[in-house]
file my_file-v5.tsv (TSV, C-alpha atoms and all ligand atoms)
chain	number	residue	atom	x	y	z
A	2	MET	CA	112.14	114.23	70.12
A	3	ASN	CA	109.89	116.87	71.66
A	4	LEU	CA	109.30	120.35	70.23
A	5	TRP	CA	111.92	122.07	72.40
A	6	GLU	CA	114.57	119.41	71.90
A	7	SER	CA	114.23	119.75	68.12
A	8	ARG	CA	114.20	123.56	68.23
A	9	TRP	CA	117.51	123.52	70.13
A	10	GLN	CA	119.04	120.82	67.88
A	11	GLU	CA	118.06	122.79	64.75
A	12	ASN	CA	119.12	126.13	66.27
A	13	ARG	CA	115.60	127.53	65.87
A	14	ILE	CA	116.05	129.70	68.93
A	15	GLY	CA	114.88	133.13	67.74
A	16	PHE	CA	113.77	133.81	71.34
A	17	HIS	CA	117.39	133.87	72.53
A	18	LEU	CA	118.82	137.39	72.88
A	19	ASN	CA	122.49	138.22	72.53
A	20	THR	CA	122.10	140.99	75.09
A	21	VAL	CA	120.56	141.20	78.54
A	22	ASN	CA	116.82	141.85	78.31
A	23	ARG	CA	116.14	145.59	78.55
A	24	ASN	CA	113.07	145.05	80.75
A	25	LEU	CA	115.14	143.19	83.31
A	26	ILE	CA	117.57	146.11	83.55
A	27	GLN	CA	114.79	148.69	83.57
A	28	PHE	CA	112.59	146.97	86.17
A	29	SER	CA	115.16	145.10	88.27
A	30	LYS	CA	114.69	147.57	91.15
A	31	GLN	CA	111.11	146.40	91.51
A	32	LEU	CA	112.10	142.72	91.36
A	33	LEU	CA	115.04	143.05	93.73
A	34	GLN	CA	113.59	145.67	96.06
A	35	HIS	CA	113.83	143.51	99.20
A	36	ASN	CA	117.37	142.35	98.33
A	37	PRO	CA	116.55	138.68	97.78
A	38	ASP	CA	119.62	136.45	98.08
A	39	ARG	CA	118.39	134.09	95.35
A	40	VAL	CA	116.44	134.47	92.12
A	41	PHE	CA	114.58	131.67	90.32
A	42	VAL	CA	114.46	131.62	86.50
A	43	PRO	CA	112.03	128.98	85.16
A	44	LEU	CA	112.49	127.70	81.58
A	45	CYS	CA	115.76	129.62	81.41
A	46	GLY	CA	117.22	128.46	78.09
A	47	LYS	CA	120.72	129.92	77.86
A	48	THR	CA	119.66	133.47	78.60
A	49	LEU	CA	122.33	136.05	79.45
A	50	ASP	CA	119.86	137.38	82.00
A	51	LEU	CA	121.18	134.63	84.31
A	52	CYS	CA	124.62	136.29	84.22
A	53	TRP	CA	123.20	139.75	84.83
A	54	LEU	CA	121.10	138.52	87.76
A	55	SER	CA	124.09	136.69	89.26
A	56	LYS	CA	125.95	140.00	89.49
A	57	ASN	CA	123.05	141.53	91.40
A	58	THR	CA	122.24	138.74	93.84
A	59	GLU	CA	124.05	135.85	95.53
A	60	LYS	CA	122.62	132.93	93.63
A	61	VAL	CA	120.55	132.38	90.52
A	62	ILE	CA	118.71	129.09	90.04
A	63	GLY	CA	117.32	128.11	86.65
A	64	VAL	CA	115.51	125.09	85.27
A	65	GLU	CA	115.70	124.02	81.63
A	66	LEU	CA	114.49	120.95	79.76
A	67	VAL	CA	117.14	120.70	77.05
A	68	ASN	CA	120.70	119.55	77.74
A	69	LYS	CA	122.18	121.47	74.80
A	70	ALA	CA	120.80	124.78	76.15
A	71	VAL	CA	122.33	124.21	79.58
A	72	GLN	CA	125.71	123.03	78.23
A	73	ASN	CA	125.83	125.97	75.80
A	74	PHE	CA	125.07	128.44	78.56
A	75	PHE	CA	128.09	127.45	80.64
A	76	VAL	CA	130.47	126.90	77.72
A	77	GLU	CA	129.57	130.08	75.80
A	78	ASN	CA	129.94	132.19	78.93
A	79	ASN	CA	133.19	130.46	80.02
A	80	ILE	CA	131.72	129.48	83.37
A	81	PRO	CA	133.26	126.36	84.96
A	82	TYR	CA	130.63	123.95	86.30
A	83	LEU	CA	130.11	120.61	88.00
A	84	ILE	CA	127.18	118.28	87.53
A	85	GLU	CA	125.42	117.02	90.67
A	86	LYS	CA	122.49	114.68	91.01
A	87	GLU	CA	119.64	116.12	93.07
A	88	ASP	CA	116.34	114.32	93.45
A	89	ASN	CA	115.71	112.91	89.94
A	90	LEU	CA	117.29	115.85	88.17
A	91	GLN	CA	120.82	116.76	87.22
A	92	LYS	CA	122.01	120.10	88.53
A	93	PHE	CA	124.73	122.05	86.73
A	94	CYS	CA	126.48	124.05	89.44
A	95	SER	CA	128.79	127.03	89.27
A	96	LYS	CA	129.67	129.52	92.00
A	97	SER	CA	126.66	131.77	91.52
A	98	ILE	CA	124.48	130.08	88.90
A	99	GLU	CA	122.83	126.66	89.15
A	100	ILE	CA	120.62	125.13	86.46
A	101	TYR	CA	118.44	122.07	86.98
A	102	LEU	CA	118.28	120.03	83.80
A	103	GLY	CA	114.78	118.61	83.44
A	104	ASP	CA	111.10	119.35	83.36
A	105	PHE	CA	109.98	122.35	85.42
A	106	PHE	CA	106.96	120.33	86.54
A	107	ASP	CA	109.27	117.69	88.07
A	108	LEU	CA	111.05	120.28	90.23
A	109	ASN	CA	109.55	121.41	93.50
A	110	SER	CA	110.26	123.85	96.30
A	111	GLU	CA	111.18	121.05	98.71
A	112	VAL	CA	114.26	120.63	96.52
A	113	THR	CA	115.01	124.30	95.78
A	114	SER	CA	113.37	125.94	98.86
A	115	LEU	CA	111.32	129.10	98.36
A	116	PHE	CA	112.32	132.23	96.43
A	117	ASN	CA	111.51	135.87	97.06
A	118	ALA	CA	112.27	136.76	93.45
A	119	ILE	CA	111.28	134.98	90.26
A	120	TYR	CA	112.03	136.18	86.74
A	121	ASP	CA	109.87	134.88	83.88
A	122	ARG	CA	110.77	136.08	80.39
A	123	ALA	CA	109.56	134.08	77.39
A	124	SER	CA	108.63	131.26	79.79
A	125	ILE	CA	104.89	131.48	80.42
A	126	VAL	CA	104.47	132.26	76.70
A	127	ALA	CA	106.22	128.95	75.94
A	128	ILE	CA	103.43	127.05	77.70
A	129	GLU	CA	100.30	125.99	75.81
A	130	LYS	CA	97.01	127.46	77.05
A	131	PHE	CA	95.69	124.17	78.44
A	132	GLU	CA	98.74	123.89	80.75
A	133	ARG	CA	99.04	127.53	81.77
A	134	LYS	CA	97.02	127.28	84.98
A	135	LYS	CA	99.09	124.29	86.06
A	136	TYR	CA	102.26	126.27	85.19
A	137	VAL	CA	101.18	129.31	87.21
A	138	ASP	CA	100.07	127.25	90.23
A	139	HIS	CA	103.42	125.46	90.15
A	140	LEU	CA	105.31	128.76	89.76
A	141	ILE	CA	103.49	130.25	92.75
A	142	SER	CA	104.43	127.19	94.82
A	143	PHE	CA	108.07	128.39	94.64
A	144	LEU	CA	107.22	131.90	95.88
A	145	GLY	CA	108.10	132.96	99.41
A	146	SER	CA	105.78	135.04	101.61
A	147	THR	CA	107.25	138.37	100.43
A	148	GLY	CA	107.91	137.02	96.95
A	149	ARG	CA	107.79	139.00	93.73
A	150	ILE	CA	107.72	137.93	90.10
A	151	LEU	CA	108.85	140.04	87.17
A	152	LEU	CA	106.94	138.51	84.28
A	153	ILE	CA	106.97	139.40	80.60
A	154	THR	CA	104.30	138.23	78.16
A	155	LEU	CA	103.50	138.74	74.51
A	156	GLU	CA	100.03	139.43	73.13
A	157	TYR	CA	99.02	139.18	69.49
A	158	ASP	CA	96.24	137.80	67.29
A	159	GLN	CA	96.60	134.06	67.91
A	160	ASN	CA	94.60	133.39	64.68
A	161	LYS	CA	97.48	134.84	62.66
A	162	MET	CA	100.35	132.81	64.12
A	163	GLN	CA	100.73	129.49	65.88
A	164	GLY	CA	102.82	129.58	69.01
A	165	PRO	CA	105.20	129.28	70.68
A	166	PRO	CA	105.46	132.01	71.69
A	167	TYR	CA	101.77	131.92	72.57
A	168	SER	CA	99.67	135.03	73.08
A	169	VAL	CA	99.04	135.67	76.80
A	170	SER	CA	96.85	138.69	77.52
A	171	ILE	CA	96.75	141.09	80.48
A	172	GLU	CA	93.33	139.68	81.45
A	173	GLU	CA	94.66	136.12	81.44
A	174	ILE	CA	97.58	137.05	83.71
A	175	GLU	CA	95.20	138.83	86.10
A	176	SER	CA	92.91	135.85	86.22
A	177	LEU	CA	95.73	133.30	86.65
A	178	PHE	CA	97.49	135.10	89.51
A	179	SER	CA	94.81	137.14	91.28
A	180	LYS	CA	93.72	134.46	93.79
A	181	CYS	CA	96.89	134.97	95.86
A	182	CYS	CA	98.87	137.78	94.25
A	183	SER	CA	98.56	141.40	93.24
A	184	VAL	CA	99.23	142.07	89.58
A	185	LYS	CA	100.62	145.42	88.43
A	186	LEU	CA	101.20	146.19	84.76
A	187	LEU	CA	104.50	148.11	84.57
A	188	GLU	CA	104.71	148.65	80.84
A	189	SER	CA	103.15	147.66	77.52
A	190	CYS	CA	104.65	148.37	74.15
A	191	ASP	CA	104.36	147.20	70.56
A	192	ILE	CA	107.59	145.40	69.62
A	193	LEU	CA	106.50	144.16	66.19
A	194	ASP	CA	109.56	143.59	64.00
A	195	GLU	CA	110.33	142.16	60.56
A	196	ARG	CA	110.50	138.57	61.85
A	197	PHE	CA	106.93	138.63	63.21
A	198	ARG	CA	105.55	140.90	60.45
A	199	ASN	CA	106.66	138.19	58.00
A	200	LYS	CA	104.63	135.67	59.99
A	201	GLY	CA	101.49	137.78	59.39
A	202	LEU	CA	101.24	139.77	62.62
A	203	THR	CA	100.12	143.39	62.60
A	204	HIS	CA	100.89	144.01	66.27
A	205	LEU	CA	102.93	142.29	68.95
A	206	LEU	CA	102.46	143.73	72.40
A	207	GLU	CA	104.98	143.05	75.12
A	208	HIS	CA	103.59	143.40	78.65
A	209	VAL	CA	105.76	143.64	81.75
A	210	PHE	CA	104.15	142.77	85.10
A	211	LEU	CA	105.18	142.95	88.72
A	212	ILE	CA	103.36	140.22	90.63
A	213	GLU	CA	103.47	140.16	94.42
A	214	LYS	CA	102.27	137.58	96.91
A	215	THR	CA	99.44	139.01	99.02
B	1	LIG	C1	111.04	130.52	74.65
B	1	LIG	S1	112.39	129.77	75.47
B	1	LIG	C2	112.84	131.05	76.63
B	1	LIG	C3	114.16	130.84	77.30
B	1	LIG	C4	114.58	131.98	78.23
B	1	LIG	N1	113.59	132.25	79.25
B	1	LIG	C5	114.97	133.22	77.46
B	1	LIG	O1	114.50	134.30	77.81
B	1	LIG	O2	115.76	133.11	76.53
B	1	LIG	C6	111.61	128.56	76.47
B	1	LIG	C7	112.58	127.57	77.05
B	1	LIG	O3	111.89	126.71	77.94
B	1	LIG	C8	112.36	125.39	77.80
B	1	LIG	N2	111.25	124.55	78.26
B	1	LIG	C9	110.07	124.31	77.63
B	1	LIG	N3	109.28	123.55	78.39
B	1	LIG	C10	109.96	123.29	79.54
B	1	LIG	C11	109.67	122.57	80.73
B	1	LIG	N4	108.49	121.94	80.90
B	1	LIG	N5	110.60	122.53	81.71
B	1	LIG	C12	111.78	123.16	81.56
B	1	LIG	N6	112.12	123.88	80.46
B	1	LIG	C13	111.22	123.94	79.45
B	1	LIG	C14	112.72	125.28	76.33
B	1	LIG	O4	113.66	124.29	76.05
B	1	LIG	C15	113.26	126.69	76.04
B	1	LIG	O5	114.65	126.74	76.21
call {"tool": "encode", "arguments": {"input": "my_file-v5.tsv", "output": "structure tokens", "more": "lines below"}}
Ligand SMILES: C[S@@+](CC[C@H](N)C(=O)[O-])C[C@H]1O[C@@H](n2cnc3c(N)ncnc32)[C@H](O)[C@@H]1O
result
Amino acid sequence: MNLWESRWQENRIGFHLNTVNRNLIQFSKQLLQHNPDRVFVPLCGKTLDLCWLSKNTEKVIGVELVNKAVQNFFVENNIPYLIEKEDNLQKFCSKSIEIYLGDFFDLNSEVTSLFNAIYDRASIVAIEKFERKKYVDHLISFLGSTGRILLITLEYDQNKMQGPPYSVSIEEIESLFSKCCSVKLLESCDILDERFRNKGLTHLLEHVFLIEKT
């Protein structure tokens, strides 16, 4: 069983929020400025952000590795769904939300077509450093010519806590995206709480970026 499968089976999903992410609400205007008809949510878990996005655009497409997360999303939100087979992946389909069940790296834009809006919260920080360039290059391959990404990272002293979530700095984001995108830091704030203080952290910065294809 891989790390994520066991985290979901053991309900170790502290990353899951019972409300819509406040940064998505606050910065959605920037993400949705050109009225994209579809939004892509990589490594989506069972986030309620999918529901919020589906009310503000025509279709939301997610991808998630763990079956339990996808099933729980539809069941807990009372959303009827069908399962289709597309390429080598299963796709859970409802009227306005579709989730591919499988590895993000096995999905490609020939299957999904391109997106002008991508939302990444707690996704890039779930990827180990050695795979982050591959993750970003793959993410960019889904981005249309006027595409935008709203991306949220966490930064902390990686010597004090093992990830995930991994620490991903402002400089790392700039270096990973700058070859074909502009990177604008929208907000940074310290969100250290009891849970992470107990793990030994003394600060936990959350950075919100708007990334645009240039
Ligand atoms: C930290 S959680 C964040 C979930 C969601 N973005 C949120 O805000 O709640 C990361 C999720 O990515 C999934 N995941 C990890 N690696 C993946 C991969 N290679 N392809 C698809 N999903 C993956 C995990 O199962 C987990 O649900």
call {"tool": "residues_around", "arguments": {"input": "my_file-v5.tsv", "residues": "Gln31 in chain A", "least_positions_apart": "6", "cutoff": "9 Å", "atoms": "all atoms listed in the file", "output": "MDAnalysis selection string"}}
result
chainID A and resid 149 151 211
call {"tool": "axis_aligned_box", "arguments": {"input": "my_file-v5.tsv", "around": "ligand LIG 1 (chain B)", "padding_each_side": "8 Å", "output": "JSON"}}
result
{"center_x": 112.1, "center_y": 128.1, "center_z": 78.2, "size_x": 23.3, "size_y": 28.4, "size_z": 23.1}
call {"tool": "atom_distance", "arguments": {"input": "my_file-v5.tsv", "atom1": "CA of Lys214 in chain A", "atom2": "CA of Asp138 in chain A"}}
result
12.5 Å
call {"tool": "closest_atom_pairs", "arguments": {"input": "my_file-v5.tsv", "of": "chain A", "to": "ligand LIG 1 (chain B)", "cutoff": "6 Å", "atoms": "only C-alpha atoms and all ligand atoms", "output": "JSON lines"}}
result
{"residue": "A:Trp5", "atom": "CA", "partner": "B:LIG1", "partner_atom": "O4", "distance": 4.6}
{"residue": "A:Phe16", "atom": "CA", "partner": "B:LIG1", "partner_atom": "C1", "distance": 5.4}
{"residue": "A:His17", "atom": "CA", "partner": "B:LIG1", "partner_atom": "O2", "distance": 4.4}
{"residue": "A:Leu44", "atom": "CA", "partner": "B:LIG1", "partner_atom": "O3", "distance": 3.8}
{"residue": "A:Cys45", "atom": "CA", "partner": "B:LIG1", "partner_atom": "N1", "distance": 4.0}
{"residue": "A:Gly46", "atom": "CA", "partner": "B:LIG1", "partner_atom": "O5", "distance": 3.6}
{"residue": "A:Thr48", "atom": "CA", "partner": "B:LIG1", "partner_atom": "O2", "distance": 4.4}
{"residue": "A:Val64", "atom": "CA", "partner": "B:LIG1", "partner_atom": "C12", "distance": 5.6}
{"residue": "A:Glu65", "atom": "CA", "partner": "B:LIG1", "partner_atom": "N6", "distance": 3.8}
{"residue": "A:Leu66", "atom": "CA", "partner": "B:LIG1", "partner_atom": "N6", "distance": 3.8}
{"residue": "A:Val67", "atom": "CA", "partner": "B:LIG1", "partner_atom": "O4", "distance": 5.1}
{"residue": "A:Gly103", "atom": "CA", "partner": "B:LIG1", "partner_atom": "C12", "distance": 5.8}
{"residue": "A:Asp104", "atom": "CA", "partner": "B:LIG1", "partner_atom": "N5", "distance": 3.6}
{"residue": "A:Phe105", "atom": "CA", "partner": "B:LIG1", "partner_atom": "N5", "distance": 3.8}
{"residue": "A:Arg122", "atom": "CA", "partner": "B:LIG1", "partner_atom": "O1", "distance": 4.9}
{"residue": "A:Ala123", "atom": "CA", "partner": "B:LIG1", "partner_atom": "C2", "distance": 4.5}
{"residue": "A:Ser124", "atom": "CA", "partner": "B:LIG1", "partner_atom": "N1", "distance": 5.1}
{"residue": "A:Ala127", "atom": "CA", "partner": "B:LIG1", "partner_atom": "C1", "distance": 5.2}
call {"tool": "closest_residue", "arguments": {"input": "my_file-v5.tsv", "among": "A:Asn109, A:Asn22, A:Ser189, A:Asn73", "to": "Ser170 in chain A", "atoms": "all atoms listed in the file"}}
result
A:Ser189
call {"tool": "atom_distance", "arguments": {"input": "my_file-v5.tsv", "atom1": "CA of Ile100 in chain A", "atom2": "CA of Ile212 in chain A"}}
result
23.3 Å
call {"tool": "atom_distance", "arguments": {"input": "my_file-v5.tsv", "atom1": "CA of Ser142 in chain A", "atom2": "CA of Thr215 in chain A"}}
result
13.5 Å
call {"tool": "residues_around", "arguments": {"input": "my_file-v5.tsv", "residues": "Thr147 in chain A", "least_positions_apart": "5", "cutoff": "9 Å", "atoms": "only C-alpha atoms", "output": "list in words"}}
result
His35, Phe116, Asn117, Ala118, Glu213, Lys214 and Thr215 of chain A
call {"tool": "closest_residue", "arguments": {"input": "my_file-v5.tsv", "among": "A:Arg196, A:Arg39, A:Arg23, A:His208", "to": "Ile98 in chain A", "atoms": "only C-alpha atoms"}}
result
A:Arg39
call {"tool": "closest_residue", "arguments": {"input": "my_file-v5.tsv", "among": "A:Phe74, A:Phe143, A:Trp9, A:Tyr82", "to": "Val40 in chain A", "atoms": "all atoms listed in the file"}}
result
A:Phe143
call {"tool": "build_atoms", "arguments": {"input": "my_file-v5.tsv", "residues": "range 21-44 of chain A", "atoms": "N, CA and C atoms", "output": "PDB file, in the frame of the given file"}}
result
ATOM      1  N   VAL A  21     121.447 141.362  77.371  1.00  0.00           N
ATOM      2  CA  VAL A  21     120.560 141.200  78.540  1.00  0.00           C
ATOM      3  C   VAL A  21     119.236 141.891  78.202  1.00  0.00           C
ATOM      4  N   ASN A  22     118.137 141.288  78.621  1.00  0.00           N
ATOM      5  CA  ASN A  22     116.820 141.850  78.310  1.00  0.00           C
ATOM      6  C   ASN A  22     116.661 143.256  78.908  1.00  0.00           C
ATOM      7  N   ARG A  23     116.206 144.189  78.075  1.00  0.00           N
ATOM      8  CA  ARG A  23     116.140 145.590  78.550  1.00  0.00           C
ATOM      9  C   ARG A  23     115.122 145.768  79.681  1.00  0.00           C
ATOM     10  N   ASN A  24     114.073 144.940  79.678  1.00  0.00           N
ATOM     11  CA  ASN A  24     113.070 145.050  80.750  1.00  0.00           C
ATOM     12  C   ASN A  24     113.640 144.618  82.097  1.00  0.00           C
ATOM     13  N   LEU A  25     114.526 143.632  82.056  1.00  0.00           N
ATOM     14  CA  LEU A  25     115.140 143.190  83.310  1.00  0.00           C
ATOM     15  C   LEU A  25     115.967 144.338  83.904  1.00  0.00           C
ATOM     16  N   ILE A  26     116.738 145.002  83.048  1.00  0.00           N
ATOM     17  CA  ILE A  26     117.570 146.110  83.550  1.00  0.00           C
ATOM     18  C   ILE A  26     116.655 147.240  84.037  1.00  0.00           C
ATOM     19  N   GLN A  27     115.653 147.561  83.228  1.00  0.00           N
ATOM     20  CA  GLN A  27     114.790 148.690  83.570  1.00  0.00           C
ATOM     21  C   GLN A  27     113.974 148.449  84.850  1.00  0.00           C
ATOM     22  N   PHE A  28     113.514 147.215  85.052  1.00  0.00           N
ATOM     23  CA  PHE A  28     112.590 146.970  86.170  1.00  0.00           C
ATOM     24  C   PHE A  28     113.208 146.107  87.275  1.00  0.00           C
ATOM     25  N   SER A  29     114.528 145.956  87.258  1.00  0.00           N
ATOM     26  CA  SER A  29     115.160 145.100  88.270  1.00  0.00           C
ATOM     27  C   SER A  29     114.966 145.646  89.687  1.00  0.00           C
ATOM     28  N   LYS A  30     114.886 146.979  89.812  1.00  0.00           N
ATOM     29  CA  LYS A  30     114.690 147.570  91.150  1.00  0.00           C
ATOM     30  C   LYS A  30     113.418 147.022  91.793  1.00  0.00           C
ATOM     31  N   GLN A  31     112.371 146.917  90.980  1.00  0.00           N
ATOM     32  CA  GLN A  31     111.110 146.400  91.510  1.00  0.00           C
ATOM     33  C   GLN A  31     111.249 144.924  91.896  1.00  0.00           C
ATOM     34  N   LEU A  32     111.953 144.152  91.058  1.00  0.00           N
ATOM     35  CA  LEU A  32     112.100 142.720  91.360  1.00  0.00           C
ATOM     36  C   LEU A  32     112.978 142.507  92.592  1.00  0.00           C
ATOM     37  N   LEU A  33     114.031 143.305  92.692  1.00  0.00           N
ATOM     38  CA  LEU A  33     115.040 143.050  93.730  1.00  0.00           C
ATOM     39  C   LEU A  33     114.910 144.000  94.918  1.00  0.00           C
ATOM     40  N   GLN A  34     113.757 144.623  95.047  1.00  0.00           N
ATOM     41  CA  GLN A  34     113.590 145.670  96.060  1.00  0.00           C
ATOM     42  C   GLN A  34     113.941 145.215  97.483  1.00  0.00           C
ATOM     43  N   HIS A  35     113.575 143.974  97.821  1.00  0.00           N
ATOM     44  CA  HIS A  35     113.830 143.510  99.200  1.00  0.00           C
ATOM     45  C   HIS A  35     115.154 142.760  99.291  1.00  0.00           C
ATOM     46  N   ASN A  36     116.054 143.001  98.353  1.00  0.00           N
ATOM     47  CA  ASN A  36     117.370 142.350  98.330  1.00  0.00           C
ATOM     48  C   ASN A  36     117.314 140.833  98.509  1.00  0.00           C
ATOM     49  N   PRO A  37     116.595 140.147  97.667  1.00  0.00           N
ATOM     50  CA  PRO A  37     116.550 138.680  97.780  1.00  0.00           C
ATOM     51  C   PRO A  37     117.947 138.105  97.551  1.00  0.00           C
ATOM     52  N   ASP A  38     118.286 137.028  98.286  1.00  0.00           N
ATOM     53  CA  ASP A  38     119.620 136.450  98.080  1.00  0.00           C
ATOM     54  C   ASP A  38     119.635 135.485  96.901  1.00  0.00           C
ATOM     55  N   ARG A  39     118.418 135.032  96.458  1.00  0.00           N
ATOM     56  CA  ARG A  39     118.390 134.090  95.350  1.00  0.00           C
ATOM     57  C   ARG A  39     117.251 134.465  94.391  1.00  0.00           C
ATOM     58  N   VAL A  40     117.477 134.217  93.120  1.00  0.00           N
ATOM     59  CA  VAL A  40     116.440 134.470  92.120  1.00  0.00           C
ATOM     60  C   VAL A  40     116.205 133.175  91.337  1.00  0.00           C
ATOM     61  N   PHE A  41     114.948 132.872  91.072  1.00  0.00           N
ATOM     62  CA  PHE A  41     114.580 131.670  90.320  1.00  0.00           C
ATOM     63  C   PHE A  41     114.198 132.069  88.889  1.00  0.00           C
ATOM     64  N   VAL A  42     114.738 131.334  87.918  1.00  0.00           N
ATOM     65  CA  VAL A  42     114.460 131.620  86.500  1.00  0.00           C
ATOM     66  C   VAL A  42     113.927 130.343  85.834  1.00  0.00           C
ATOM     67  N   PRO A  43     112.592 130.189  85.787  1.00  0.00           N
ATOM     68  CA  PRO A  43     112.030 128.980  85.160  1.00  0.00           C
ATOM     69  C   PRO A  43     112.208 129.015  83.650  1.00  0.00           C
ATOM     70  N   LEU A  44     112.388 127.831  83.046  1.00  0.00           N
ATOM     71  CA  LEU A  44     112.490 127.700  81.580  1.00  0.00           C
ATOM     72  C   LEU A  44     113.545 128.670  81.035  1.00  0.00           C
TER      73      LEU A  44
END
